file start.pdb (PDB, C-alpha atoms)
MODEL        1
ATOM      1  CA  MET A 789      92.606  93.778 106.124  1.00  0.00           C
ATOM      2  CA  PHE A 790      89.252  93.937 107.897  1.00  0.00           C
ATOM      3  CA  LYS A 791      87.736  97.447 107.941  1.00  0.00           C
ATOM      4  CA  THR A 792      85.654  98.359 110.978  1.00  0.00           C
ATOM      5  CA  VAL A 793      83.778 101.522 111.856  1.00  0.00           C
ATOM      6  CA  LEU A 794      83.714 101.791 115.649  1.00  0.00           C
ATOM      7  CA  MET A 795      81.137 104.051 117.313  1.00  0.00           C
ATOM      8  CA  ILE A 796      81.991 105.057 120.883  1.00  0.00           C
ATOM      9  CA  GLU A 797      80.729 107.548 123.458  1.00  0.00           C
ATOM     10  CA  LYS A 798      83.727 107.602 125.823  1.00  0.00           C
ATOM     11  CA  ALA A 799      87.432 106.766 125.788  1.00  0.00           C
ATOM     12  CA  LEU A 800      88.277 103.102 125.271  1.00  0.00           C
ATOM     13  CA  SER A 801      89.630 101.210 128.256  1.00  0.00           C
ATOM     14  CA  GLU A 802      92.337  98.556 127.893  1.00  0.00           C
ATOM     15  CA  ALA A 803      89.616  95.886 128.106  1.00  0.00           C
ATOM     16  CA  ASP A 804      87.636  97.610 125.333  1.00  0.00           C
ATOM     17  CA  VAL A 805      90.696  97.752 123.075  1.00  0.00           C
ATOM     18  CA  GLU A 806      91.422  94.071 123.667  1.00  0.00           C
ATOM     19  CA  LEU A 807      87.796  93.179 122.932  1.00  0.00           C
ATOM     20  CA  VAL A 808      87.535  95.012 119.610  1.00  0.00           C
ATOM     21  CA  THR A 809      91.003  94.109 118.364  1.00  0.00           C
ATOM     22  CA  THR A 810      90.641  90.370 118.997  1.00  0.00           C
ATOM     23  CA  LEU A 811      87.203  89.808 117.456  1.00  0.00           C
ATOM     24  CA  HIS A 812      88.730  88.585 114.197  1.00  0.00           C
ATOM     25  CA  GLY A 813      91.567  86.489 115.571  1.00  0.00           C
ATOM     26  CA  ASP A 814      94.898  87.177 113.917  1.00  0.00           C
ATOM     27  CA  GLU A 815      93.434  89.095 110.968  1.00  0.00           C
ATOM     28  CA  LYS A 816      94.671  92.689 110.714  1.00  0.00           C
ATOM     29  CA  VAL A 817      91.995  95.292 111.460  1.00  0.00           C
ATOM     30  CA  SER A 818      91.730  98.956 110.621  1.00  0.00           C
ATOM     31  CA  PHE A 819      89.363 101.192 112.558  1.00  0.00           C
ATOM     32  CA  VAL A 820      87.574 104.404 111.789  1.00  0.00           C
ATOM     33  CA  VAL A 821      86.454 105.612 115.204  1.00  0.00           C
ATOM     34  CA  LEU A 822      83.411 107.853 115.446  1.00  0.00           C
ATOM     35  CA  MET A 823      83.076 109.386 118.881  1.00  0.00           C
ATOM     36  CA  GLN A 824      79.932 111.131 119.949  1.00  0.00           C
ATOM     37  CA  PRO A 825      79.712 111.736 123.653  1.00  0.00           C
ATOM     38  CA  ARG A 826      76.232 111.467 125.059  1.00  0.00           C
ATOM     39  CA  GLY A 827      74.642 114.888 124.958  1.00  0.00           C
ATOM     40  CA  LYS A 828      71.427 116.457 126.115  1.00  0.00           C
ATOM     41  CA  GLN A 829      69.271 114.852 123.397  1.00  0.00           C
ATOM     42  CA  ASP A 830      68.317 111.712 125.362  1.00  0.00           C
ATOM     43  CA  GLU A 831      68.908 112.847 128.929  1.00  0.00           C
ATOM     44  CA  LEU A 832      65.522 111.577 130.159  1.00  0.00           C
ATOM     45  CA  LEU A 833      66.060 108.090 128.695  1.00  0.00           C
ATOM     46  CA  ARG A 834      69.517 107.892 130.269  1.00  0.00           C
ATOM     47  CA  ALA A 835      68.117 108.959 133.640  1.00  0.00           C
ATOM     48  CA  LEU A 836      65.512 106.179 133.382  1.00  0.00           C
ATOM     49  CA  ASP A 837      68.298 103.698 132.528  1.00  0.00           C
ATOM     50  CA  ASP A 838      70.264 104.810 135.570  1.00  0.00           C
ATOM     51  CA  VAL A 839      67.222 104.430 137.825  1.00  0.00           C
ATOM     52  CA  ALA A 840      66.449 100.982 136.345  1.00  0.00           C
ATOM     53  CA  LEU A 841      70.033  99.887 137.001  1.00  0.00           C
ATOM     54  CA  GLY A 842      70.015 101.274 140.549  1.00  0.00           C
ATOM     55  CA  HIS A 843      72.449 104.098 139.747  1.00  0.00           C
ATOM     56  CA  LEU A 844      70.447 106.899 141.342  1.00  0.00           C
ATOM     57  CA  ASP A 845      73.580 108.963 141.944  1.00  0.00           C
ATOM     58  CA  LYS A 846      74.285 109.024 138.185  1.00  0.00           C
ATOM     59  CA  ALA A 847      70.713 110.027 137.355  1.00  0.00           C
ATOM     60  CA  VAL A 848      70.911 112.968 139.714  1.00  0.00           C
ATOM     61  CA  HIS A 849      74.438 114.131 138.805  1.00  0.00           C
ATOM     62  CA  GLU A 850      74.749 113.374 135.102  1.00  0.00           C
ATOM     63  CA  HIS A 851      74.847 117.065 134.254  1.00  0.00           C
ATOM     64  CA  ASP A 852      78.086 117.339 136.271  1.00  0.00           C
ATOM     65  CA  ASP A 853      80.042 115.245 133.726  1.00  0.00           C
ATOM     66  CA  ALA A 854      82.667 117.175 131.763  1.00  0.00           C
ATOM     67  CA  ASN A 855      82.133 116.557 128.053  1.00  0.00           C
ATOM     68  CA  GLY A 856      83.656 119.730 126.690  1.00  0.00           C
ATOM     69  CA  PRO A 857      85.481 119.790 123.358  1.00  0.00           C
ATOM     70  CA  THR A 858      88.926 119.410 124.938  1.00  0.00           C
ATOM     71  CA  VAL A 859      87.937 116.355 126.981  1.00  0.00           C
ATOM     72  CA  VAL A 860      86.199 114.743 124.008  1.00  0.00           C
ATOM     73  CA  GLY A 861      89.183 115.308 121.717  1.00  0.00           C
ATOM     74  CA  GLU A 862      91.579 113.933 124.314  1.00  0.00           C
ATOM     75  CA  SER A 863      89.351 110.881 124.798  1.00  0.00           C
ATOM     76  CA  LEU A 864      89.349 110.213 121.071  1.00  0.00           C
ATOM     77  CA  GLU A 865      93.137 110.605 120.825  1.00  0.00           C
ATOM     78  CA  HIS A 866      93.577 108.298 123.828  1.00  0.00           C
ATOM     79  CA  SER A 867      91.412 105.663 122.116  1.00  0.00           C
ATOM     80  CA  LEU A 868      93.215 105.956 118.775  1.00  0.00           C
ATOM     81  CA  ARG A 869      96.625 105.728 120.440  1.00  0.00           C
ATOM     82  CA  HIS A 870      95.679 102.530 122.294  1.00  0.00           C
ATOM     83  CA  LEU A 871      94.223 100.926 119.175  1.00  0.00           C
ATOM     84  CA  ARG A 872      97.450 101.701 117.295  1.00  0.00           C
ATOM     85  CA  GLU A 873      99.583 100.366 120.156  1.00  0.00           C
ATOM     86  CA  SER A 874      97.683  97.087 119.879  1.00  0.00           C
ATOM     87  CA  GLY A 875      98.773  96.804 116.235  1.00  0.00           C
ATOM     88  CA  ALA A 876      95.632  98.073 114.516  1.00  0.00           C
ATOM     89  CA  GLU A 877      95.374 100.972 112.123  1.00  0.00           C
ATOM     90  CA  ALA A 878      93.126 103.687 113.508  1.00  0.00           C
ATOM     91  CA  VAL A 879      91.801 107.093 112.507  1.00  0.00           C
ATOM     92  CA  GLY A 880      88.848 108.916 113.919  1.00  0.00           C
ATOM     93  CA  GLN A 881      86.732 111.961 114.391  1.00  0.00           C
ATOM     94  CA  VAL A 882      84.408 113.545 116.906  1.00  0.00           C
ATOM     95  CA  VAL A 883      80.825 113.580 115.654  1.00  0.00           C
ATOM     96  CA  GLU A 884      79.068 116.782 116.650  1.00  0.00           C
ATOM     97  CA  SER A 885      75.611 115.909 115.316  1.00  0.00           C
ATOM     98  CA  GLN A 886      73.759 113.392 113.150  1.00  0.00           C
ATOM     99  CA  PRO A 887      75.885 110.377 114.167  1.00  0.00           C
ATOM    100  CA  LEU A 888      73.905 107.896 112.075  1.00  0.00           C
ATOM    101  CA  ASP A 889      74.158 109.974 108.905  1.00  0.00           C
ATOM    102  CA  THR A 890      77.894 110.335 109.519  1.00  0.00           C
ATOM    103  CA  LEU A 891      78.110 106.584 110.130  1.00  0.00           C
ATOM    104  CA  ARG A 892      76.407 105.774 106.826  1.00  0.00           C
ATOM    105  CA  ARG A 893      78.691 108.176 104.944  1.00  0.00           C
ATOM    106  CA  VAL A 894      81.855 106.759 106.560  1.00  0.00           C
ATOM    107  CA  VAL A 895      80.793 103.154 105.872  1.00  0.00           C
ATOM    108  CA  GLU A 896      80.244 104.011 102.201  1.00  0.00           C
ATOM    109  CA  GLU A 897      83.448 106.055 101.827  1.00  0.00           C
ATOM    110  CA  THR A 898      85.710 103.479 103.486  1.00  0.00           C
ATOM    111  CA  GLY A 899      84.074 100.311 102.178  1.00  0.00           C
ATOM    112  CA  ALA A 900      83.783  99.093 105.780  1.00  0.00           C
ATOM    113  CA  ASP A 901      83.115  95.419 106.437  1.00  0.00           C
ATOM    114  CA  GLU A 902      81.261  95.971 109.710  1.00  0.00           C
ATOM    115  CA  VAL A 903      80.138  98.455 112.331  1.00  0.00           C
ATOM    116  CA  LEU A 904      80.831  97.958 116.031  1.00  0.00           C
ATOM    117  CA  VAL A 905      78.815 100.020 118.483  1.00  0.00           C
ATOM    118  CA  LEU A 906      80.538 100.078 121.871  1.00  0.00           C
ATOM    119  CA  THR A 907      78.378 101.685 124.569  1.00  0.00           C
ATOM    120  CA  ALA A 908      77.239 101.310 128.132  1.00  0.00           C
ATOM    121  CA  PRO A 909      73.923  99.479 128.516  1.00  0.00           C
ATOM    122  CA  HIS A 910      70.975 101.726 127.652  1.00  0.00           C
ATOM    123  CA  PHE A 911      68.015  99.469 128.349  1.00  0.00           C
ATOM    124  CA  VAL A 912      65.229 102.000 127.826  1.00  0.00           C
ATOM    125  CA  GLU A 913      66.717 103.145 124.510  1.00  0.00           C
ATOM    126  CA  GLU A 914      67.159  99.528 123.415  1.00  0.00           C
ATOM    127  CA  PHE A 915      63.573  98.664 124.335  1.00  0.00           C
ATOM    128  CA  PHE A 916      62.315 101.481 122.104  1.00  0.00           C
ATOM    129  CA  HIS A 917      64.982 100.760 119.441  1.00  0.00           C
ATOM    130  CA  ARG A 918      66.438 104.249 119.836  1.00  0.00           C
ATOM    131  CA  ASP A 919      69.975 103.016 120.547  1.00  0.00           C
ATOM    132  CA  TRP A 920      72.681 103.494 117.922  1.00  0.00           C
ATOM    133  CA  ALA A 921      72.963  99.824 117.004  1.00  0.00           C
ATOM    134  CA  SER A 922      69.241  99.362 116.390  1.00  0.00           C
ATOM    135  CA  GLN A 923      69.052 102.486 114.264  1.00  0.00           C
ATOM    136  CA  ALA A 924      72.307 101.753 112.415  1.00  0.00           C
ATOM    137  CA  ARG A 925      71.045  98.352 111.273  1.00  0.00           C
ATOM    138  CA  HIS A 926      68.487 100.193 109.143  1.00  0.00           C
ATOM    139  CA  LYS A 927      70.961 102.730 107.723  1.00  0.00           C
ATOM    140  CA  VAL A 928      74.070 100.783 106.673  1.00  0.00           C
ATOM    141  CA  GLY A 929      74.469  97.781 104.417  1.00  0.00           C
ATOM    142  CA  VAL A 930      76.977  95.949 106.608  1.00  0.00           C
ATOM    143  CA  PRO A 931      76.645  93.890 109.796  1.00  0.00           C
ATOM    144  CA  VAL A 932      76.239  95.910 113.007  1.00  0.00           C
ATOM    145  CA  LEU A 933      77.413  94.402 116.289  1.00  0.00           C
ATOM    146  CA  LYS A 934      76.598  95.970 119.627  1.00  0.00           C
ATOM    147  CA  LEU A 935      79.118  95.475 122.425  1.00  0.00           C
ATOM    148  CA  PHE A 936      79.029  96.745 125.983  1.00  0.00           C
ATOM    149  CA  ALA A 937      81.923  98.952 127.052  1.00  0.00           C
ATOM    150  CA  SER A 938      83.979  98.069 130.091  1.00  0.00           C
ATOM    151  CA  GLU A 939      82.989  99.776 133.329  1.00  0.00           C
ATOM    152  CA  ALA A 940      86.664 100.492 134.064  1.00  0.00           C
TER     153      ALA A 940
ENDMDL
END

call {"tool": "encode", "arguments": {"input": "start.pdb", "output": "structure tokens"}}
result
Amino acid sequence: MFKTVLMIEKALSEADVELVTTLHGDEKVSFVVLMQPRGKQDELLRALDDVALGHLDKAVHEHDDANGPTVVGESLEHSLRHLRESGAEAVGQVVESQPLDTLRRVVEETGADEVLVLTAPHFVEEFFHRDWASQARHKVGVPVLKLFASEA
């Protein structure tokens, strides 16, 4: 069985589940999902991304998004349920802080084969190598693949 640590920032869509569960063909996959919703820490970089992508309405209203503990927990459970329904094994946790340290610990504890980082495009963060995938490549001893989440 292929062991994957999956880092996400929002609930997985059906397209996201299909993408991550079919990467290895017919081989069985187990997922440890680490969910850290985007917080205040990089608000300026995200606003610049939104402006660069022409999403001015998102840049102005990002603070209106509901990312409270209940919503985050429900999003994680939704994602785990859909991964399991697709035939994969899946467990997960919400990451409150230090996502990369948690990622390294989980990779070591589970003997993961790979890390998948599934996020929306964050061009400014990527340019400065502040995105999760760029940073994770220097922290874990397994391949790290960055995938873009579905807009749905």

call {"tool": "closest_atom_pairs", "arguments": {"input": "start.pdb", "of": "region 794-821 of chain A", "to": "region 860-875 of chain A", "cutoff": "10 Å", "atoms": "all atoms listed in the file", "output": "JSON lines"}}
result
{"residue": "A:Ile796", "atom": "CA", "partner": "A:Leu864", "partner_atom": "CA", "distance": 9.0}
{"residue": "A:Glu797", "atom": "CA", "partner": "A:Val860", "partner_atom": "CA", "distance": 9.1}
{"residue": "A:Lys798", "atom": "CA", "partner": "A:Ser863", "partner_atom": "CA", "distance": 6.6}
{"residue": "A:Ala799", "atom": "CA", "partner": "A:Ser863", "partner_atom": "CA", "distance": 4.6}
{"residue": "A:Leu800", "atom": "CA", "partner": "A:Ser867", "partner_atom": "CA", "distance": 5.1}
{"residue": "A:Ser801", "atom": "CA", "partner": "A:Ser867", "partner_atom": "CA", "distance": 7.8}
{"residue": "A:Glu802", "atom": "CA", "partner": "A:His870", "partner_atom": "CA", "distance": 7.6}
{"residue": "A:Asp804", "atom": "CA", "partner": "A:Ser867", "partner_atom": "CA", "distance": 9.5}
{"residue": "A:Val805", "atom": "CA", "partner": "A:Leu871", "partner_atom": "CA", "distance": 6.1}
{"residue": "A:Glu806", "atom": "CA", "partner": "A:Ser874", "partner_atom": "CA", "distance": 7.9}
{"residue": "A:Val808", "atom": "CA", "partner": "A:Leu871", "partner_atom": "CA", "distance": 8.9}
{"residue": "A:Thr809", "atom": "CA", "partner": "A:Ser874", "partner_atom": "CA", "distance": 7.5}
{"residue": "A:Thr810", "atom": "CA", "partner": "A:Ser874", "partner_atom": "CA", "distance": 9.8}
{"residue": "A:Lys816", "atom": "CA", "partner": "A:Gly875", "partner_atom": "CA", "distance": 8.0}
{"residue": "A:Val817", "atom": "CA", "partner": "A:Gly875", "partner_atom": "CA", "distance": 8.4}
{"residue": "A:Ser818", "atom": "CA", "partner": "A:Leu871", "partner_atom": "CA", "distance": 9.1}
{"residue": "A:Phe819", "atom": "CA", "partner": "A:Leu871", "partner_atom": "CA", "distance": 8.2}
{"residue": "A:Val820", "atom": "CA", "partner": "A:Leu868", "partner_atom": "CA", "distance": 9.1}
{"residue": "A:Val821", "atom": "CA", "partner": "A:Leu868", "partner_atom": "CA", "distance": 7.7}

call {"tool": "atom_distance", "arguments": {"input": "start.pdb", "atom1": "CA of Val928 (chain A)", "atom2": "CA of Ala803 (chain A)"}}
result
26.9 Å

call {"tool": "closest_residue", "arguments": {"input": "start.pdb", "among": "A:Gln824, A:Ser885, A:Thr907, A:Ser938", "to": "Ala921 (chain A)", "atoms": "all atoms listed in the file"}}
result
A:Thr907

call {"tool": "resolve_selection", "arguments": {"input": "start.pdb", "expression": "the PyMOL selection byres ((chain A and resi 789) around 10)", "output": "CSV table (one decimal) with C-alpha atoms, in the frame of the given file"}}
result
chain,number,residue,atom,x,y,z
A,790,PHE,CA,89.3,93.9,107.9
A,791,LYS,CA,87.7,97.4,107.9
A,792,THR,CA,85.7,98.4,111.0
A,815,GLU,CA,93.4,89.1,111.0
A,816,LYS,CA,94.7,92.7,110.7
A,817,VAL,CA,92.0,95.3,111.5
A,818,SER,CA,91.7,99.0,110.6
A,876,ALA,CA,95.6,98.1,114.5
A,877,GLU,CA,95.4,101.0,112.1
A,901,ASP,CA,83.1,95.4,106.4

call {"tool": "atom_distance", "arguments": {"input": "start.pdb", "atom1": "CA of Asp889 (chain A)", "atom2": "CA of Val859 (chain A)"}}
result
23.6 Å

call {"tool": "atom_distance", "arguments": {"input": "start.pdb", "atom1": "CA of Leu904 (chain A)", "atom2": "CA of Leu935 (chain A)"}}
result
7.1 Å

call {"tool": "closest_residue", "arguments": {"input": "start.pdb", "among": "A:Leu891, A:Met823, A:Met795, A:Ala900", "to": "Lys934 (chain A)", "atoms": "only C-alpha atoms"}}
result
A:Met795

call {"tool": "closest_residue", "arguments": {"input": "start.pdb", "among": "A:Gln923, A:Arg893, A:His812, A:Thr898", "to": "Val879 (chain A)", "atoms": "all atoms listed in the file"}}
result
A:Thr898

call {"tool": "axis_aligned_box", "arguments": {"input": "start.pdb", "around": "region 930-934 of chain A", "padding_each_side": "3 Å", "output": "lines of an AutoDock Vina configuration file"}}
result
center_x = 76.8
center_y = 94.9
center_z = 113.1
size_x = 7.2
size_y = 8.1
size_z = 19.0

call {"tool": "closest_residue", "arguments": {"input": "start.pdb", "among": "A:Leu794, A:Leu811, A:Leu906, A:Val894", "to": "Gly929 (chain A)", "atoms": "only C-alpha atoms"}}
result
A:Val894

call {"tool": "resolve_selection", "arguments": {"input": "start.pdb", "expression": "the PyMOL selection byres ((chain A and resi 932) around 8)", "output": "mmCIF file with C-alpha atoms, in the coordinates of the input"}}
result
data_model
loop_
_atom_site.group_PDB
_atom_site.id
_atom_site.type_symbol
_atom_site.label_atom_id
_atom_site.label_comp_id
_atom_site.auth_asym_id
_atom_site.auth_seq_id
_atom_site.Cartn_x
_atom_site.Cartn_y
_atom_site.Cartn_z
ATOM 1 C CA GLU A 902 81.261 95.971 109.710
ATOM 2 C CA VAL A 903 80.138 98.455 112.331
ATOM 3 C CA LEU A 904 80.831 97.958 116.031
ATOM 4 C CA VAL A 905 78.815 100.020 118.483
ATOM 5 C CA ALA A 921 72.963 99.824 117.004
ATOM 6 C CA ALA A 924 72.307 101.753 112.415
ATOM 7 C CA ARG A 925 71.045 98.352 111.273
ATOM 8 C CA VAL A 930 76.977 95.949 106.608
ATOM 9 C CA PRO A 931 76.645 93.890 109.796
ATOM 10 C CA LEU A 933 77.413 94.402 116.289
ATOM 11 C CA LYS A 934 76.598 95.970 119.627
#

call {"tool": "closest_residue", "arguments": {"input": "start.pdb", "among": "A:Leu822, A:Val895, A:Ala878, A:Ala908", "to": "Phe936 (chain A)", "atoms": "only C-alpha atoms"}}
result
A:Ala908
